[in-house]
Amino acid sequence: MQLPAKPTVVAPDGSNVRVLLGLSAGSMAHFELAPGKIAHAVVHRTVEEVWFVLAGQGEMWRKQSEREEVVPLEPGVCLTIPVGTQFQFRASRSQSVSAVAITMPPWPGEQEAIRVTGPWVPSAATESTASMA
């Protein structure tokens, strides 16, 4: 499998997604957010994710119960998004940010992501997505 030239779908948060691989217990996708764009804040109903940043610069906000943090995104950063974690990410003004993520179990469809209020005003456009894996 090679990285598709064009995004497969637009995620519920507004990032461009290139679906890579899927098995019964998980799926893998490439996420990209254009320079200066801010994704919509969401929380997942049933899936958890592991992200690995490939390129660019940005920030990821994560909130679990009383724990809240903003993590700088740059190549080599790896982070988790456990079930029930509210999160939002944004790209720097000058660079897009791209990452690969493993979703467990596989992405079930757009109903998985529930919009929440994050720290930043979103600017990424969204489209309806039926399936990302």
# chains A, B, ... in the order shown; residues from 1 in each chain; ligands from 1
call {"tool": "residues_around", "arguments": {"residues": "Gly58 in chain A", "least_positions_apart": "4", "cutoff": "12 Å", "atoms": "only C-alpha atoms", "output": "list of chain:residue names"}}
result
A:Glu32, A:Leu33, A:Ala34, A:Pro35, A:Gly36, A:Lys37, A:Ile38, A:Ala39, A:Val53, A:Leu54, A:Val70, A:Val71, A:Pro72, A:Leu73, A:Glu74, A:Pro75, A:Val77, A:Gln88, A:Phe89, A:Arg90, A:Ala91, A:Ser92, A:Arg93, A:Ser94, A:Gln95, A:Ser96, A:Val97, A:Ser98, A:Ala99
call {"tool": "select_by_dssp", "arguments": {"residues": "chain A", "states": "strand (DSSP E)", "output": "number ranges by chain"}}
result
A: 9-10, 16-22, 27-33, 42-44, 48-56, 58-64, 67-73, 78-81, 86-91, 97-104, 113-115
call {"tool": "residues_around", "arguments": {"residues": "range 3-6 of chain A", "least_positions_apart": "5", "cutoff": "12 Å", "atoms": "only C-alpha atoms", "output": "mmCIF file with C-alpha atoms, in the first residue's frame"}}
result
data_model
loop_
_atom_site.group_PDB
_atom_site.id
_atom_site.type_symbol
_atom_site.label_atom_id
_atom_site.label_comp_id
_atom_site.auth_asym_id
_atom_site.auth_seq_id
_atom_site.Cartn_x
_atom_site.Cartn_y
_atom_site.Cartn_z
ATOM 1 C CA ASN A 16 -7.991 15.457 5.047
ATOM 2 C CA VAL A 17 -7.766 11.683 5.432
ATOM 3 C CA ARG A 18 -6.061 9.113 3.265
ATOM 4 C CA VAL A 19 -7.244 5.663 4.332
ATOM 5 C CA LEU A 20 -4.326 3.235 4.336
ATOM 6 C CA LEU A 21 -5.035 -0.207 5.805
ATOM 7 C CA MET A 28 -4.525 3.055 9.760
ATOM 8 C CA ALA A 29 -4.926 6.423 8.076
ATOM 9 C CA HIS A 30 -2.910 9.502 7.164
ATOM 10 C CA PHE A 31 -4.277 12.833 8.436
ATOM 11 C CA GLU A 32 -3.322 16.252 7.102
ATOM 12 C CA ALA A 99 0.380 12.297 10.899
ATOM 13 C CA VAL A 100 -0.428 8.630 10.615
#
call {"tool": "closest_residue", "arguments": {"among": "A:Gln111, A:Met104, A:Pro119, A:Val10", "to": "Glu68 in chain A", "atoms": "only C-alpha atoms"}}
result
A:Pro119
call {"tool": "closest_residue", "arguments": {"among": "A:Met60, A:Val50, A:Gly109, A:Glu66", "to": "Val83 in chain A", "atoms": "only C-alpha atoms"}}
result
A:Val50
call {"tool": "residues_around", "arguments": {"residues": "Glu48 in chain A", "least_positions_apart": "5", "cutoff": "8 Å", "atoms": "only C-alpha atoms", "output": "mmCIF file with N, CA and C atoms, in the first residue's frame"}}
result
data_model
loop_
_atom_site.group_PDB
_atom_site.id
_atom_site.type_symbol
_atom_site.label_atom_id
_atom_site.label_comp_id
_atom_site.auth_asym_id
_atom_site.auth_seq_id
_atom_site.Cartn_x
_atom_site.Cartn_y
_atom_site.Cartn_z
ATOM 1 N N THR A 80 -1.380 9.566 22.255
ATOM 2 C CA THR A 80 -2.577 8.729 22.270
ATOM 3 C C THR A 80 -3.820 9.582 22.477
ATOM 4 N N ILE A 81 -4.927 9.060 21.959
ATOM 5 C CA ILE A 81 -6.241 9.661 22.174
ATOM 6 C C ILE A 81 -7.153 8.536 22.665
ATOM 7 N N PRO A 82 -7.199 8.315 23.993
ATOM 8 C CA PRO A 82 -8.060 7.266 24.534
ATOM 9 C C PRO A 82 -9.547 7.572 24.310
ATOM 10 N N VAL A 83 -10.376 6.543 24.361
ATOM 11 C CA VAL A 83 -11.826 6.708 24.234
ATOM 12 C C VAL A 83 -12.283 7.766 25.240
ATOM 13 N N THR A 103 -6.334 3.485 14.472
ATOM 14 C CA THR A 103 -7.627 3.587 15.141
ATOM 15 C C THR A 103 -8.067 2.190 15.551
ATOM 16 N N MET A 104 -8.428 2.027 16.837
ATOM 17 C CA MET A 104 -8.829 0.729 17.365
ATOM 18 C C MET A 104 -10.134 0.852 18.127
ATOM 19 N N PRO A 105 -11.158 0.081 17.798
ATOM 20 C CA PRO A 105 -11.296 -0.754 16.604
ATOM 21 C C PRO A 105 -11.332 0.125 15.353
#
call {"tool": "decode", "arguments": {"residues": "range 36-76 of chain A", "atoms": "N, CA and C atoms", "output": "short mmCIF file (atom, residue, chain, number, x, y, z; two decimals), in the first residue's frame"}}
result
data_model
loop_
_atom_site.label_atom_id
_atom_site.label_comp_id
_atom_site.auth_asym_id
_atom_site.auth_seq_id
_atom_site.Cartn_x
_atom_site.Cartn_y
_atom_site.Cartn_z
N GLY A 36 -2.34 26.95 8.83
CA GLY A 36 -3.25 27.92 9.43
C GLY A 36 -4.63 27.39 9.75
N LYS A 37 -4.93 26.15 9.41
CA LYS A 37 -6.27 25.60 9.66
C LYS A 37 -6.37 25.03 11.07
N ILE A 38 -7.58 25.09 11.61
CA ILE A 38 -7.89 24.57 12.93
C ILE A 38 -9.02 23.56 12.78
N ALA A 39 -8.78 22.34 13.23
CA ALA A 39 -9.79 21.28 13.16
C ALA A 39 -10.91 21.56 14.16
N HIS A 40 -12.05 20.94 13.94
CA HIS A 40 -13.15 20.99 14.90
C HIS A 40 -12.80 20.10 16.09
N ALA A 41 -13.12 20.52 17.28
CA ALA A 41 -12.90 19.69 18.48
C ALA A 41 -13.94 18.58 18.50
N VAL A 42 -13.49 17.37 18.80
CA VAL A 42 -14.39 16.21 18.84
C VAL A 42 -14.00 15.30 20.00
N VAL A 43 -14.89 14.36 20.29
CA VAL A 43 -14.64 13.26 21.20
C VAL A 43 -15.15 12.01 20.50
N HIS A 44 -14.42 10.91 20.61
CA HIS A 44 -14.83 9.66 19.98
C HIS A 44 -15.69 8.85 20.95
N ARG A 45 -16.73 8.21 20.42
CA ARG A 45 -17.64 7.39 21.22
C ARG A 45 -17.00 6.07 21.64
N THR A 46 -16.34 5.37 20.70
CA THR A 46 -15.91 3.99 20.96
C THR A 46 -14.48 3.67 20.54
N VAL A 47 -13.82 4.53 19.80
CA VAL A 47 -12.48 4.20 19.31
C VAL A 47 -11.41 4.98 20.06
N GLU A 48 -10.20 4.41 20.07
CA GLU A 48 -9.04 5.13 20.57
C GLU A 48 -8.01 5.15 19.46
N GLU A 49 -7.09 6.12 19.55
CA GLU A 49 -6.12 6.29 18.48
C GLU A 49 -4.72 6.49 19.03
N VAL A 50 -3.74 6.09 18.21
CA VAL A 50 -2.33 6.39 18.43
C VAL A 50 -1.87 7.19 17.22
N TRP A 51 -1.35 8.38 17.44
CA TRP A 51 -0.90 9.26 16.36
C TRP A 51 0.63 9.34 16.35
N PHE A 52 1.20 9.42 15.14
CA PHE A 52 2.63 9.67 14.96
C PHE A 52 2.76 10.79 13.94
N VAL A 53 3.35 11.91 14.35
CA VAL A 53 3.48 13.07 13.47
C VAL A 53 4.64 12.86 12.50
N LEU A 54 4.33 13.02 11.21
CA LEU A 54 5.32 12.83 10.15
C LEU A 54 6.00 14.13 9.73
N ALA A 55 5.22 15.20 9.61
CA ALA A 55 5.76 16.45 9.06
C ALA A 55 4.95 17.63 9.56
N GLY A 56 5.58 18.81 9.47
CA GLY A 56 4.89 20.05 9.79
C GLY A 56 4.98 20.44 11.25
N GLN A 57 4.19 21.44 11.59
CA GLN A 57 4.16 21.98 12.94
C GLN A 57 2.72 22.28 13.30
N GLY A 58 2.40 22.14 14.57
CA GLY A 58 1.06 22.47 15.04
C GLY A 58 0.94 22.19 16.52
N GLU A 59 -0.30 22.08 16.98
CA GLU A 59 -0.59 21.79 18.39
C GLU A 59 -1.80 20.89 18.48
N MET A 60 -1.82 20.05 19.51
CA MET A 60 -2.96 19.17 19.80
C MET A 60 -3.42 19.44 21.23
N TRP A 61 -4.71 19.77 21.37
CA TRP A 61 -5.33 19.93 22.68
C TRP A 61 -6.02 18.62 23.01
N ARG A 62 -5.81 18.13 24.23
CA ARG A 62 -6.50 16.93 24.71
C ARG A 62 -7.04 17.20 26.10
N LYS A 63 -8.26 16.67 26.36
CA LYS A 63 -8.88 16.83 27.68
C LYS A 63 -9.54 15.52 28.08
N GLN A 64 -9.15 15.04 29.26
CA GLN A 64 -9.74 13.85 29.87
C GLN A 64 -10.14 14.23 31.29
N SER A 65 -11.42 14.22 31.58
CA SER A 65 -11.91 14.60 32.91
C SER A 65 -11.28 15.92 33.33
N GLU A 66 -10.47 15.90 34.39
CA GLU A 66 -9.84 17.12 34.90
C GLU A 66 -8.47 17.40 34.28
N ARG A 67 -7.95 16.44 33.52
CA ARG A 67 -6.62 16.61 32.91
C ARG A 67 -6.76 17.25 31.54
N GLU A 68 -6.04 18.34 31.33
CA GLU A 68 -6.10 19.07 30.06
C GLU A 68 -4.69 19.52 29.69
N GLU A 69 -4.34 19.38 28.40
CA GLU A 69 -3.00 19.77 27.96
C GLU A 69 -2.99 20.13 26.49
N VAL A 70 -1.98 20.90 26.11
CA VAL A 70 -1.71 21.22 24.71
C VAL A 70 -0.32 20.67 24.41
N VAL A 71 -0.25 19.80 23.39
CA VAL A 71 1.00 19.14 23.02
C VAL A 71 1.50 19.73 21.70
N PRO A 72 2.75 20.19 21.64
CA PRO A 72 3.31 20.65 20.37
C PRO A 72 3.39 19.47 19.39
N LEU A 73 2.98 19.70 18.15
CA LEU A 73 3.07 18.68 17.11
C LEU A 73 4.23 19.02 16.19
N GLU A 74 5.15 18.08 16.06
CA GLU A 74 6.30 18.22 15.17
C GLU A 74 6.75 16.81 14.81
N PRO A 75 7.53 16.66 13.75
CA PRO A 75 7.94 15.32 13.33
C PRO A 75 8.55 14.51 14.48
N GLY A 76 8.08 13.27 14.61
CA GLY A 76 8.57 12.37 15.64
C GLY A 76 7.73 12.30 16.89
#
